[in-house]
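K.L.:
Sending over entry-v1.txt (compact mmCIF, C-alpha atoms).
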# COMPACT_ATOMS: atom_id res chain seq x y z
CA MET C 1 -36.24 -1.90 73.40
CA SER C 2 -39.96 -1.41 73.74
CA SER C 3 -41.77 0.65 76.35
CA GLU C 4 -42.73 -2.38 78.41
CA ASN C 5 -41.37 -2.96 81.88
CA LEU C 6 -39.08 -5.77 82.93
CA ILE C 7 -40.01 -7.27 86.28
CA LEU C 8 -37.34 -9.31 88.04
CA ILE C 9 -38.57 -12.21 90.16
CA GLY C 10 -36.70 -14.88 92.07
CA MET C 11 -35.49 -16.02 95.44
CA PRO C 12 -33.94 -13.71 98.02
CA GLY C 13 -30.25 -13.48 97.18
CA ALA C 14 -30.79 -14.00 93.43
CA GLY C 15 -29.54 -10.46 92.77
CA LYS C 16 -32.77 -8.81 91.66
CA SER C 17 -32.00 -5.39 93.14
CA THR C 18 -28.35 -5.23 92.09
CA VAL C 19 -28.96 -6.65 88.62
CA GLY C 20 -31.98 -4.38 88.25
CA VAL C 21 -29.93 -1.21 88.69
CA ILE C 22 -27.32 -2.41 86.18
CA LEU C 23 -29.94 -3.54 83.67
CA ALA C 24 -31.83 -0.25 83.93
CA LYS C 25 -28.63 1.67 83.17
CA ARG C 26 -27.84 -0.59 80.19
CA LEU C 27 -31.33 -0.14 78.73
CA GLY C 28 -31.84 3.51 79.63
CA TYR C 29 -34.81 2.49 81.78
CA HIS C 30 -35.96 3.70 85.20
CA PHE C 31 -35.49 1.43 88.21
CA ILE C 32 -37.86 0.59 91.07
CA ASP C 33 -37.30 -1.80 93.98
CA THR C 34 -40.65 -2.78 95.50
CA ASP C 35 -39.00 -3.64 98.84
CA LEU C 36 -37.74 -0.05 99.05
CA LEU C 37 -41.20 1.26 98.16
CA ILE C 38 -42.67 -0.79 101.01
CA GLN C 39 -40.05 0.47 103.46
CA ALA C 40 -40.63 4.09 102.41
CA GLN C 41 -44.40 3.70 102.69
CA GLU C 42 -44.28 2.01 106.08
CA GLY C 43 -41.34 3.97 107.53
CA CYS C 44 -39.43 0.91 108.69
CA ARG C 45 -37.45 -2.11 107.51
CA LEU C 46 -39.16 -5.14 105.99
CA GLN C 47 -38.15 -7.34 108.91
CA ASP C 48 -39.70 -4.84 111.35
CA ILE C 49 -42.99 -4.99 109.42
CA ILE C 50 -42.96 -8.79 109.57
CA ASP C 51 -42.00 -8.84 113.27
CA ARG C 52 -44.59 -6.23 114.33
CA GLN C 53 -47.49 -6.86 111.96
CA GLY C 54 -47.01 -10.45 110.82
CA LEU C 55 -46.53 -12.22 107.49
CA GLU C 56 -50.12 -11.82 106.35
CA ARG C 57 -50.08 -8.04 106.81
CA PHE C 58 -46.72 -7.81 105.06
CA ARG C 59 -48.15 -9.69 102.08
CA GLN C 60 -51.15 -7.32 102.00
CA ILE C 61 -48.84 -4.29 101.97
CA GLU C 62 -46.71 -5.86 99.23
CA GLU C 63 -49.82 -6.57 97.15
CA GLN C 64 -51.03 -2.97 97.54
CA VAL C 65 -47.66 -1.69 96.30
CA LEU C 66 -47.77 -4.02 93.27
CA LEU C 67 -51.32 -3.00 92.40
CA GLY C 68 -50.33 0.66 92.58
CA LEU C 69 -47.42 0.45 90.14
CA GLU C 70 -47.86 2.59 87.05
CA THR C 71 -44.63 2.69 85.09
CA GLN C 72 -43.19 2.51 81.61
CA ARG C 73 -39.67 1.62 80.54
CA THR C 74 -38.83 0.51 84.06
CA VAL C 75 -36.90 -2.39 85.52
CA ILE C 76 -38.74 -3.48 88.65
CA ALA C 77 -37.01 -5.59 91.30
CA THR C 78 -39.63 -7.38 93.37
CA GLY C 79 -39.43 -9.00 96.76
CA GLY C 80 -39.13 -12.77 96.71
CA SER C 81 -42.60 -13.20 98.21
CA VAL C 82 -44.31 -11.36 95.34
CA ILE C 83 -45.19 -14.76 93.92
CA TYR C 84 -47.78 -15.39 96.66
CA SER C 85 -50.12 -12.63 95.48
CA ARG C 86 -52.20 -13.70 92.50
CA PRO C 87 -53.68 -10.19 92.04
CA GLY C 88 -50.20 -8.70 92.36
CA ILE C 89 -48.69 -11.11 89.82
CA GLU C 90 -51.55 -10.49 87.40
CA ALA C 91 -51.07 -6.73 87.75
CA ILE C 92 -47.34 -6.81 87.03
CA LYS C 93 -47.76 -9.29 84.17
CA ARG C 94 -50.07 -6.77 82.50
CA CYS C 95 -47.41 -4.08 82.63
CA GLY C 96 -44.35 -6.06 81.57
CA ARG C 97 -42.41 -9.27 81.24
CA LEU C 98 -41.52 -11.34 84.28
CA VAL C 99 -37.85 -12.28 84.24
CA TYR C 100 -37.01 -15.16 86.60
CA LEU C 101 -33.46 -15.04 87.95
CA GLN C 102 -32.73 -18.72 88.55
CA VAL C 103 -30.06 -19.52 91.12
CA GLY C 104 -29.41 -22.88 92.75
CA LEU C 105 -30.08 -23.42 96.45
CA ALA C 106 -26.42 -23.89 97.44
CA GLU C 107 -25.37 -20.68 95.68
CA LEU C 108 -28.22 -18.72 97.29
CA GLN C 109 -27.30 -20.01 100.74
CA SER C 110 -23.70 -18.93 100.22
CA ARG C 111 -24.85 -15.43 99.18
CA ILE C 112 -27.21 -14.80 102.10
CA SER C 113 -25.51 -14.20 105.40
CA ASP C 114 -28.16 -12.02 107.04
CA MET C 115 -31.29 -14.17 106.77
CA GLY C 116 -32.67 -12.92 110.08
CA GLU C 117 -32.44 -9.28 108.97
CA ARG C 118 -33.52 -9.51 105.32
CA GLY C 119 -37.25 -9.49 105.81
CA LEU C 120 -37.73 -13.02 104.52
CA VAL C 121 -41.34 -14.10 104.37
CA MET C 122 -41.01 -17.56 105.92
CA GLY C 123 -43.47 -19.54 107.96
CA ALA C 124 -42.72 -20.69 111.50
CA GLY C 125 -40.27 -23.57 111.40
CA GLN C 126 -39.72 -23.19 107.66
CA SER C 127 -36.12 -23.52 106.47
CA PHE C 128 -34.61 -21.66 103.54
CA SER C 129 -34.50 -24.92 101.57
CA ASP C 130 -38.22 -25.43 102.29
CA LEU C 131 -38.86 -21.90 101.02
CA TYR C 132 -36.81 -22.62 97.90
CA ALA C 133 -38.77 -25.82 97.20
CA GLU C 134 -42.06 -23.96 97.71
CA ARG C 135 -41.28 -20.89 95.60
CA THR C 136 -39.25 -22.09 92.62
CA PRO C 137 -42.19 -23.83 90.90
CA LEU C 138 -44.29 -20.68 91.40
CA TYR C 139 -41.65 -18.45 89.80
CA ALA C 140 -41.38 -20.88 86.89
CA GLU C 141 -45.16 -20.94 86.45
CA HIS C 142 -45.41 -17.17 86.01
CA ALA C 143 -42.12 -16.25 84.32
CA ASP C 144 -41.95 -15.04 80.73
CA VAL C 145 -38.15 -15.18 80.58
CA PHE C 146 -35.86 -17.59 82.44
CA VAL C 147 -32.28 -16.53 83.17
CA ASP C 148 -29.84 -19.06 84.59
CA CYS C 149 -27.59 -16.99 86.86
CA THR C 150 -25.44 -19.85 88.11
CA GLY C 151 -21.84 -18.74 88.52
CA LEU C 152 -22.43 -15.36 86.84
CA ASN C 153 -21.63 -11.94 88.24
CA THR C 154 -24.23 -9.17 88.16
CA GLU C 155 -22.92 -7.58 84.95
CA GLN C 156 -23.08 -10.95 83.17
CA VAL C 157 -26.62 -11.54 84.40
CA ALA C 158 -27.73 -8.09 83.18
CA ALA C 159 -26.13 -8.75 79.78
CA ARG C 160 -27.85 -12.14 79.55
CA ILE C 161 -31.24 -10.60 80.36
CA GLU C 162 -30.72 -7.85 77.80
CA LYS C 163 -29.85 -10.42 75.13
CA GLN C 164 -32.76 -12.74 75.96
CA VAL C 165 -35.28 -9.90 76.00
CA LEU C 166 -33.98 -8.54 72.69
CA VAL C 167 -34.19 -12.00 71.08
CA GLY C 168 -37.74 -12.35 72.43
CA GLN C 169 -38.72 -9.02 70.88
CA ILE C 170 -37.25 -10.03 67.53
CA ASP C 171 -39.17 -13.32 67.68
CA ARG C 172 -42.43 -11.46 68.43
CA TRP C 173 -41.78 -9.02 65.56
CA VAL C 174 -41.12 -11.91 63.13
CA ASP C 175 -44.33 -13.63 64.28
CA MET C 176 -46.29 -10.42 63.81
CA MET C 177 -44.86 -9.85 60.31
CA THR C 178 -45.55 -13.47 59.34
CA GLU C 179 -49.18 -13.11 60.47
CA LYS C 180 -49.58 -9.91 58.42
CA LYS C 181 -48.07 -11.60 55.37
CA ASN C 182 -50.47 -14.54 55.72
CA ASP C 183 -53.55 -12.28 56.02
Can you dump the structure from the file as structure tokens?
P.N.:
Amino acid sequence: MSSENLILIGMPGAGKSTVGVILAKRLGYHFIDTDLLIQAQEGCRLQDIIDRQGLERFRQIEEQVLLGLETQRTVIATGGSVIYSRPGIEAIKRCGRLVYLQVGLAELQSRISDMGERGLVMGAGQSFSDLYAERTPLYAEHADVFVDCTGLNTEQVAARIEKQVLVGQIDRWVDMMTEKKND
């Protein structure tokens, strides 16, 4: 594996934090969860930040955390709302590959039982299915690697990511060697 970071993106309930820990162990990488960084910085839960300071302030805090990341050989689990910050996305894309954990709406809804306590960044009157429809095209737009997690457990997802990233590195190496040969 290279020294680049792997940044997990996707909907709440996709398994970014759990898969991230497993993947980091498999690769011998460090692990960071940006939601935990936000909570440590602010001294309270994500939902408390949203309730007390509002969605816009939460997004500003999240963006500041993303812009401040300086890591190597790290798996980074991001909050689902990371996709709303163009400067934040650009910053994390510069330091690694964005891995989109794709999970269908029905499976996500069955996984999430504590929506009111999770710190979900949702607009007034917005349903989880509205959020899904809004975010999934944004994740797809920015992702470097797509991982279909449907019906897989966390170990299987981590193994699939590891395989896809390794294949991608081999492909880049072959392309680089082909370019050198043609020069």
K.L.:
Find the distance between CA of Gly151 (chain C) and CA of Glu134 (chain C) and write it in Å to one decimal.
P.N.:
22.8 Å
K.L.:
Looking at all atoms listed in the file, which of C:Leu120, C:Ile83, C:Leu6, C:Cys95 is the one that sits closest to Leu138 (chain C)?
P.N.:
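The closest residue to Leu138 (chain C) is C:Ile83.
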K.L.:
Around (-40.9, -6.8, 82.6) in the file's own coordinates, what residues are found within 7 Å if you use only C-alpha atoms, given back as a VMD selection string?
P.N.:
chain C and resid 4 to 8 75 96 to 99
K.L.:
Each residue of region 68-157 of chain C with at least one atom at most 7 Å from region 28-37 of chain C should appear once, together with its nearest atom pair and the corresponding distance in Å (one decimal); atoms considered: only C-alpha atoms; ordering: chain, then increasing residue number; output as CSV.
P.N.:
residue,atom,partner,partner_atom,distance
C:Arg73,CA,C:Tyr29,CA,5.1
C:Thr74,CA,C:His30,CA,4.4
C:Val75,CA,C:Phe31,CA,4.9
C:Ile76,CA,C:Ile32,CA,4.8
C:Ala77,CA,C:Asp33,CA,4.7
C:Thr78,CA,C:Thr34,CA,5.2
C:Gly79,CA,C:Asp35,CA,5.8
K.L.:
Could you please determine the separation between CA of Leu23 (chain C) and CA of Ala158 (chain C) in Å, to one decimal place?
P.N.:
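So the answer is 5.1 Å.
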K.L.:
Give the answer as one residue: which of C:Cys44, C:Ala140, C:Arg135, C:Val147 has the shortest atom-to-atom distance to Glu162 (chain C), using all atoms listed in the file?
P.N.:
C:Val147
K.L.:
My list of candidates is C:Gln126, C:Gln41, C:Thr150, C:Gln47. Which is closest to Ala106 (chain C) when distances are computed with only C-alpha atoms?
P.N.:
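Looking only at the distances to Ala106 (chain C), the closest residue turns out to be C:Thr150.
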K.L.:
Could you give me, as a list in words, the residues within 12 Å of Gln60 (chain C), counting only C-alpha atoms and dropping anything in the same chain fewer than 3 positions from it?
P.N.:
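The residues satisfying every condition are Ile38, Ile49, Ile50, Gln53, Gly54, Leu55, Glu56, Arg57, Glu63, Gln64, Val65, Leu66, Leu67, Ser81, Val82, Tyr84, Ser85, Arg86, Pro87 and Gly88 of chain C.
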K.L.:
Using all atoms listed in the file, which residues sit within 12 Å of Ala159 (chain C) once same-chain residues fewer than 5 positions away are excluded, as JSON, numbers by chain?
P.N.:
{"C": [19, 20, 22, 23, 24, 25, 26, 27, 147, 148, 149, 152, 153, 154, 164, 165, 166]}
K.L.:
Please write the residues from the selection above to a file, keeping C-alpha atoms, as a PDB file, in the coordinates of the input.
P.N.:
ATOM      1  CA  VAL C  19     -28.960  -6.650  88.620  1.00  0.00           C
ATOM      2  CA  GLY C  20     -31.980  -4.380  88.250  1.00  0.00           C
ATOM      3  CA  ILE C  22     -27.320  -2.410  86.180  1.00  0.00           C
ATOM      4  CA  LEU C  23     -29.940  -3.540  83.670  1.00  0.00           C
ATOM      5  CA  ALA C  24     -31.830  -0.250  83.930  1.00  0.00           C
ATOM      6  CA  LYS C  25     -28.630   1.670  83.170  1.00  0.00           C
ATOM      7  CA  ARG C  26     -27.840  -0.590  80.190  1.00  0.00           C
ATOM      8  CA  LEU C  27     -31.330  -0.140  78.730  1.00  0.00           C
ATOM      9  CA  VAL C 147     -32.280 -16.530  83.170  1.00  0.00           C
ATOM     10  CA  ASP C 148     -29.840 -19.060  84.590  1.00  0.00           C
ATOM     11  CA  CYS C 149     -27.590 -16.990  86.860  1.00  0.00           C
ATOM     12  CA  LEU C 152     -22.430 -15.360  86.840  1.00  0.00           C
ATOM     13  CA  ASN C 153     -21.630 -11.940  88.240  1.00  0.00           C
ATOM     14  CA  THR C 154     -24.230  -9.170  88.160  1.00  0.00           C
ATOM     15  CA  GLN C 164     -32.760 -12.740  75.960  1.00  0.00           C
ATOM     16  CA  VAL C 165     -35.280  -9.900  76.000  1.00  0.00           C
ATOM     17  CA  LEU C 166     -33.980  -8.540  72.690  1.00  0.00           C
TER      18      LEU C 166
END
K.L.:
Using all atoms listed in the file, give me every residue within 10 Å of (-28.8, -17.9, 101.9) in file coordinates, as number ranges by chain.
P.N.:
C: 11-14, 105-115, 128-129
K.L.:
Would you save the residues of that selection, restricted to C-alpha atoms, as an mmCIF file, in the coordinates of the input?
P.N.:
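And here's again28.cif as it stands now:
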data_model
loop_
_atom_site.group_PDB
_atom_site.id
_atom_site.type_symbol
_atom_site.label_atom_id
_atom_site.label_comp_id
_atom_site.auth_asym_id
_atom_site.auth_seq_id
_atom_site.Cartn_x
_atom_site.Cartn_y
_atom_site.Cartn_z
ATOM 1 C CA MET C 11 -35.490 -16.020 95.440
ATOM 2 C CA PRO C 12 -33.940 -13.710 98.020
ATOM 3 C CA GLY C 13 -30.250 -13.480 97.180
ATOM 4 C CA ALA C 14 -30.790 -14.000 93.430
ATOM 5 C CA LEU C 105 -30.080 -23.420 96.450
ATOM 6 C CA ALA C 106 -26.420 -23.890 97.440
ATOM 7 C CA GLU C 107 -25.370 -20.680 95.680
ATOM 8 C CA LEU C 108 -28.220 -18.720 97.290
ATOM 9 C CA GLN C 109 -27.300 -20.010 100.740
ATOM 10 C CA SER C 110 -23.700 -18.930 100.220
ATOM 11 C CA ARG C 111 -24.850 -15.430 99.180
ATOM 12 C CA ILE C 112 -27.210 -14.800 102.100
ATOM 13 C CA SER C 113 -25.510 -14.200 105.400
ATOM 14 C CA ASP C 114 -28.160 -12.020 107.040
ATOM 15 C CA MET C 115 -31.290 -14.170 106.770
ATOM 16 C CA PHE C 128 -34.610 -21.660 103.540
ATOM 17 C CA SER C 129 -34.500 -24.920 101.570
#
K.L.:
Kindly give the distance, in Å, that separates CA of Glu90 (chain C) and CA of His142 (chain C), rounded to a single decimal.
P.N.:
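These two atoms are separated by 9.2 Å.
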K.L.:
Could you check which of C:Gly68, C:Ile89, C:Lys163, C:Gly123 is closest to Glu141 (chain C), using all atoms listed in the file?
P.N.:
C:Ile89
K.L.:
Could you check which of C:Ala40, C:Leu131, C:Leu101, C:Met122 is closest to Ala143 (chain C), using all atoms listed in the file?
P.N.:
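Closest candidate: C:Leu101.
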K.L.:
Between C:Ser127, C:Gln39, C:Asn182, C:Thr136, which residue has the minimum interatomic distance to Gly80 (chain C), considering only C-alpha atoms?
P.N.:
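Comparing C:Ser127, C:Gln39, C:Asn182, C:Thr136 against Gly80 (chain C), the winner is C:Thr136.
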